[in-house]
Each structure stands twice: as structure tokens, then as C-alpha cells.
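A.B. asks: Here it is, the structure, as C-alpha cells.
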Amino acid sequence: MNILSINKADKVGGAAEVACSLNHGLQARGHQVNMFVCDKTTNDPRVFKIPRPKWLFYLSHLLGTDIDLFNTDYILETEEFKQADIIHCHNLHGHYFNLTTLVKMSKLKPVVWTLHDLWASTPYCSHSLSGKISDGFYECPSMASRSWVKQHNQTYLRSKKTKLYSELKVNLVAPSLWLANKIKAGILGQQPLAVIHNGVDLAKFSKQDKIKTRIELNLPQDLKIVLLAASGGKDNIWKGWDYAHQVFAAFTDRPEVLFLCLGGKADRQAPDNVIFVDYIAEQTLLAKYFSASDIFLLTSTAESFALVVIEAMAASLPVVSWPVGVVAEVIEHQVNGYVAQYLNISDLVNGLEYFLKTNQGEQPKILSDNQNKLTGDYSEKTMIDKYEKLFTDLTVK
């Protein structure tokens with residue numbers, strides 16, 4: 001089978017991580033996979049960069065639109081598209097792709113569109129905190145964009161998406177039951193939809209020796225380490241950095257607790273018991289940080305999946321979080337994690353305290369609970385199996 005994949009990036013971010021592992025898995029099974037991306041950071045010859053002039057990028061922001069202006073119809077004339085049996089789209093937002101191209105693709109080839117967030121069902125934002133729907137589109141919160149123009153361009157964006165979707169015929173995939181239910185209730189609810197959970201390499205993220213990994217990463221042996229991981233750190237409005245700061249403040253007089261933040265620039269306002277590490281794309285190294293830690297903390301105010309939760313679970317870490325993304329589907333309260341009341345800082349702190357006091361002898365049970373939950377639907381192999389079957393079913397029709 002010949003597959004053409006499209007995403008904003010080839011390496012950085014949860015969607016890119018999923019797309020990359022899926023593509024490599026399909027290639028290992030003998031399928032031909034090419035990829036078009038806007039942000040190319042690898043040297044993979046099968047990944048092709050979508051050109052985007054800077055002036056057009058800035059113009060799209062100025063005009064408040066993320067669905068047109070861009071010249072992506074050229075992809076239809078490439079050999080990679082012409083030879084493809086199926087087109088697999090991931091994130092098409094990020095000011096690089098023209099949704100008209102998606103409609104044209106869907107009239108020529110079978111198209112699968114994996115929705116990693118709610119962007120396709122909103123005027124312009126990735127998440128809708130209120131859940132309110134107007135004309136099939138979820139309402140965007142005021143903090144969803146720094147662009148005043150985009151916030152006031154919602155009528156046009158809804159109208160343009162509605163027109164394009166009326167001509168669109170795609171097969172949608174949602175990575176979580178929560179997101180699937182949201183999509184069904186929105187503007188794309190009539191399109192065929194499957195649930196295929198994002199999967200991780202359970203062997204790669206399996207628990208490693210804590211003493212050895214802390215030595216290798218130059219981390220202290222005598223402290224309890226709480227790990228946070230978020231691409232973009234404090235600059236990502238959805239990752240709840242303000243709430244993380246409030247959690248840090250609750251532990252300023254607890255020198256035995258260290259917060260380790262992956263994926264963002266250092267914050268000078270953070271207390272002394274917080275250290276920062278740049279974004280880590282290499283999974284083997286990332287897995288070592290999970291193994292060196294004691295608890296995983298997620299402060300995101302919105303997630304459609306949260307792949308890092310699955311990675312943390314694979315390393316037998318208890319997860320402390322609000323009920324966002326996949327958390328409610330995989331975390332059992334006070335068993336393999338702590339599901340705090342939404343946006344309740346005190347309860348989030350209670351969750352950390354609960355597992356800071358947990359006896360080390362409980363670790364094997366947490367590991368066992370996590371393995372039982374992940375081995376089925378959340379392994380990389382299961383994800384690849386399900387996508388391969390979906391692609392096969394669509395190409396033999």
C-alpha cells in the first residue's frame with residue numbers, strides 16, 4: 001500500500017509523534033509512506049517540506065484566517081500524491097494548509113483525517129472549554145488566540161468551513177472516546193468516524209532503574225521528583241502554566257520535593273525547587289526522564305488526548321491531573337493516579353501528597369495496573385494494526 005501523510009510537523013508535538021511512529025511502523029510492514037509537512041526538522045528523504053513564504057504567514061495572521069490563502073494544491077500534482085492509494089491527514093491547522101486542497105483530495109482519493117483536537121469543529125481554536133455549539137461549531141474561549149482579528153473573524157471562518165465541509169467526504173479518526181463524542185455532536189458529525197487510540201512503544205517507555213537513570217541525567221538521588229512535560233511550556237496557553245506555578249508555591253517549604261519541567265524555557269519566576277529541561281524529541285532520552293521521576297503531573301486546562309499520560313503510565317508513574325483528555329479513560333482515582341476536581345489547585349496538591357506518601361512497595365501494583373490498561377488499546381502495535389486495517393478496508397472498496 002502507498003500512503004501519503006500530511007501534518008504540520010514531522011517531529012515536534014504530540015500529533016507529529018503519533019504520525020512519525022505510525023509511518024515508521026507501516027514502513028516496517030512493507031508499506032510505502034511519504035509525508036508532507038510545513039515544519040521539517042528531520043533528514044528523512046521521504047518527508048517533503050511544504051513551502052510557506054513568511055509574508056503569507058504574517059498575512060494570514062493579519063487577516064485572521066487559517067484555512068485559505070496558502071498554496072497547497074500543488075501537492076495534487078506531485079508523484080507522491082498521484083501514486084498514493086490513500087491520504088492520511090493529521091493537523092491541518094497552523095497557518096500552512098488550504099482546506100480547499102483537502103476537498104479536492106477527497107474527490108480523487110480515499111482520505112483519512114485524524115483529528116488530534118477540536119480545531120476542525122471550531123471556527124479557529126484547538127479546544128472549547130465551554131462546550132457550547134453554534135451552527136455546528138464549538139465556541140472558542142476568548143484566550144484561545146492572541147489575534148484580535150481571528151476572534152472577530154469567526155463568522156467568516158464558520159461560513160467558509162461549512163461550505164467546504166458540504167463537499168467533503170473523509171473518514172475521520174478520533175484518538176479518544178471523549179473527542180469522538182464531541183466530533184459526532186458537531187459540524188462533522190455525519191462523516192464516518194472511528195476511534196483509534198494513540199499508542200506508544202511500551203517497551204521503550206518501560207520502567208528503568210531509577211538510580212541509574214538519575215546518575216545518567218545528573219539528578220539528585222535523595223529527592224522526590226515530580227515530572228511535568230509540555231511542548232511550549234509557559235508559552236502554550238493550554239498547558240496551565242499559571243496553575244503549575246500555584247502548585248509549586250504549595251511546596252516552597254518542602255525541599256525534599258523537586259519539580260522537573262520538560263519542554264519549555266526556564267521561568268525566572270519559578271521557585272528554587274523547579275528545574276527546566278529543553279524539549280526532548282528523542283524518545284529513548286525522554287523515557288529516561290520518566291523512569292527517573294516519582295510522579296507525573298499534568299496541569300493542562302484542555303487536552304484531546306495527552307500522549308504524555310500514556311508514556312508516564314508505561315514507566316509505571318502515577319499520574320496526577322484534572323479529568324482532561326484521555327485521563328478519565330485510563331486513570332483510576334487513587335489506584336494508578338489521582339483525578340482532581342477540574343481547576344481545583346488544592347485537590348491537585350492533595351493528589352501529589354497522596355502519592356508522595358505512598359509506600360515504594362506500591363510501585364509494582366501501579367506498574368501492573370498500568371500495563372493491564374495499556375497493553376490492549378494504547379500500545380503502538382495496536383494503533384498500527386487498526387490504522388492498517390482501516391487503510392486496507394478503504395482501498396479495497
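Chain labels run A, B, ... following the order of the C-alpha cells; each chain numbers its residues from 1, and ligands are numbered from 1 in the order shown.
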Pick out each residue of stretch 211-375 of chain A that DSSP on the backbone tags as strand (DSSP E); I need them as a ChimeraX atom specification.
C.D. replies: /A:224-229,257-262,274-277,295-298,319-321,337-339
A.B. asks: Please list as a PyMOL selection string every residue within 12 Å of A:Leu348, counting only C-alpha atoms and excluding residues in the same chain fewer than 4 positions away.
C.D. replies: chain A and resi 243-244+246-248+250+296-300+319-323+337-344+352-355
A.B. asks: From the options A:Leu227, A:Leu4, A:Ile345, A:Leu172, which residue's atoms come nearest to A:Glu79, counting only C-alpha atoms?
C.D. replies: A:Leu4
A.B. asks: Once you count only C-alpha atoms, what closest atom pair and distance in Å to one decimal does each residue of stretch 102-149 of chain A within 12 Å of stretch 373-392 of chain A have, with rows by chain and rising residue number, as CSV?
C.D. replies:
```
residue,atom,partner,partner_atom,distance
A:Lys109,CA,A:Phe391,CA,11.6
A:Pro110,CA,A:Phe391,CA,8.7
A:Val111,CA,A:Phe391,CA,9.2
A:Val112,CA,A:Phe391,CA,8.1
A:Trp113,CA,A:Tyr387,CA,11.4
A:Thr114,CA,A:Tyr387,CA,10.4
```
A.B. asks: Identify, on the basis of only C-alpha atoms, every residue whose closest approach to stretch 310-316 of chain A does not exceed 7 Å; exclude the query and any residue fewer than 2 positions from it along the same chain; express the result as a list in words.
C.D. replies: Val200, Leu202, Phe205, Ser206, Lys207, Phe290, Ser291, Phe296, Leu307, Val308, Pro318, Ile366, Leu367, Asn370 and Gln371 of chain A
A.B. asks: Just the selected residues (N, CA and C atoms), exported as a PDB file, in the first residue's frame, please.
C.D. replies:
```pdb
ATOM      1  N   VAL A 200       1.827   4.061  22.281  1.00  0.00           N
ATOM      2  CA  VAL A 200       3.252   4.288  22.492  1.00  0.00           C
ATOM      3  C   VAL A 200       3.986   2.955  22.486  1.00  0.00           C
ATOM      4  N   LEU A 202       5.564   0.522  24.285  1.00  0.00           N
ATOM      5  CA  LEU A 202       5.568   0.191  25.707  1.00  0.00           C
ATOM      6  C   LEU A 202       6.921  -0.321  26.173  1.00  0.00           C
ATOM      7  N   PHE A 205       9.271   2.796  26.670  1.00  0.00           N
ATOM      8  CA  PHE A 205       8.941   3.621  27.830  1.00  0.00           C
ATOM      9  C   PHE A 205       8.795   2.815  29.122  1.00  0.00           C
ATOM     10  N   SER A 206       9.132   1.541  29.082  1.00  0.00           N
ATOM     11  CA  SER A 206       9.008   0.719  30.279  1.00  0.00           C
ATOM     12  C   SER A 206       9.961   1.204  31.381  1.00  0.00           C
ATOM     13  N   LYS A 207       9.619   0.869  32.618  1.00  0.00           N
ATOM     14  CA  LYS A 207      10.359   1.345  33.784  1.00  0.00           C
ATOM     15  C   LYS A 207      11.812   0.888  33.755  1.00  0.00           C
ATOM     16  N   PHE A 290      11.244   9.903  32.496  1.00  0.00           N
ATOM     17  CA  PHE A 290      10.084   9.296  33.142  1.00  0.00           C
ATOM     18  C   PHE A 290      10.542   8.309  34.222  1.00  0.00           C
ATOM     19  N   SER A 291      11.516   7.484  33.893  1.00  0.00           N
ATOM     20  CA  SER A 291      11.991   6.477  34.846  1.00  0.00           C
ATOM     21  C   SER A 291      12.693   7.088  36.045  1.00  0.00           C
ATOM     22  N   PHE A 296       3.996  11.859  37.840  1.00  0.00           N
ATOM     23  CA  PHE A 296       3.795  12.720  36.672  1.00  0.00           C
ATOM     24  C   PHE A 296       2.622  13.653  36.943  1.00  0.00           C
ATOM     25  N   LEU A 307      -0.738  12.423  25.098  1.00  0.00           N
ATOM     26  CA  LEU A 307       0.089  11.243  24.892  1.00  0.00           C
ATOM     27  C   LEU A 307       1.070  11.034  26.044  1.00  0.00           C
ATOM     28  N   VAL A 308       1.510  12.124  26.674  1.00  0.00           N
ATOM     29  CA  VAL A 308       2.479  12.006  27.769  1.00  0.00           C
ATOM     30  C   VAL A 308       1.915  11.219  28.941  1.00  0.00           C
ATOM     31  N   PRO A 318       2.560   7.105  38.707  1.00  0.00           N
ATOM     32  CA  PRO A 318       1.197   7.549  38.973  1.00  0.00           C
ATOM     33  C   PRO A 318       0.998   8.926  38.351  1.00  0.00           C
ATOM     34  N   ILE A 366       1.127  -0.356  40.826  1.00  0.00           N
ATOM     35  CA  ILE A 366       0.859   0.695  39.848  1.00  0.00           C
ATOM     36  C   ILE A 366       1.312   0.252  38.464  1.00  0.00           C
ATOM     37  N   LEU A 367       2.493  -0.355  38.408  1.00  0.00           N
ATOM     38  CA  LEU A 367       3.022  -0.854  37.140  1.00  0.00           C
ATOM     39  C   LEU A 367       2.084  -1.892  36.541  1.00  0.00           C
ATOM     40  N   ASN A 370      -1.123  -0.267  35.240  1.00  0.00           N
ATOM     41  CA  ASN A 370      -0.865   0.480  34.011  1.00  0.00           C
ATOM     42  C   ASN A 370      -0.664  -0.448  32.819  1.00  0.00           C
ATOM     43  N   GLN A 371       0.085  -1.517  33.013  1.00  0.00           N
ATOM     44  CA  GLN A 371       0.338  -2.457  31.921  1.00  0.00           C
ATOM     45  C   GLN A 371      -0.955  -3.098  31.438  1.00  0.00           C
TER      46      GLN A 371
END
```
A.B. asks: Taking only C-alpha atoms into account, which of A:Lys212, A:Ser128, A:Val226, A:Lys163 comes nearest A:Lys182?
C.D. replies: A:Ser128
A.B. asks: Using only C-alpha atoms, find the one residue out of A:Asn153, A:Gln83, A:Gln191, A:Ser134 that sits nearest to A:Asp66.
C.D. replies: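 Distance minimum relative to A:Asp66 lands on A:Asn153.
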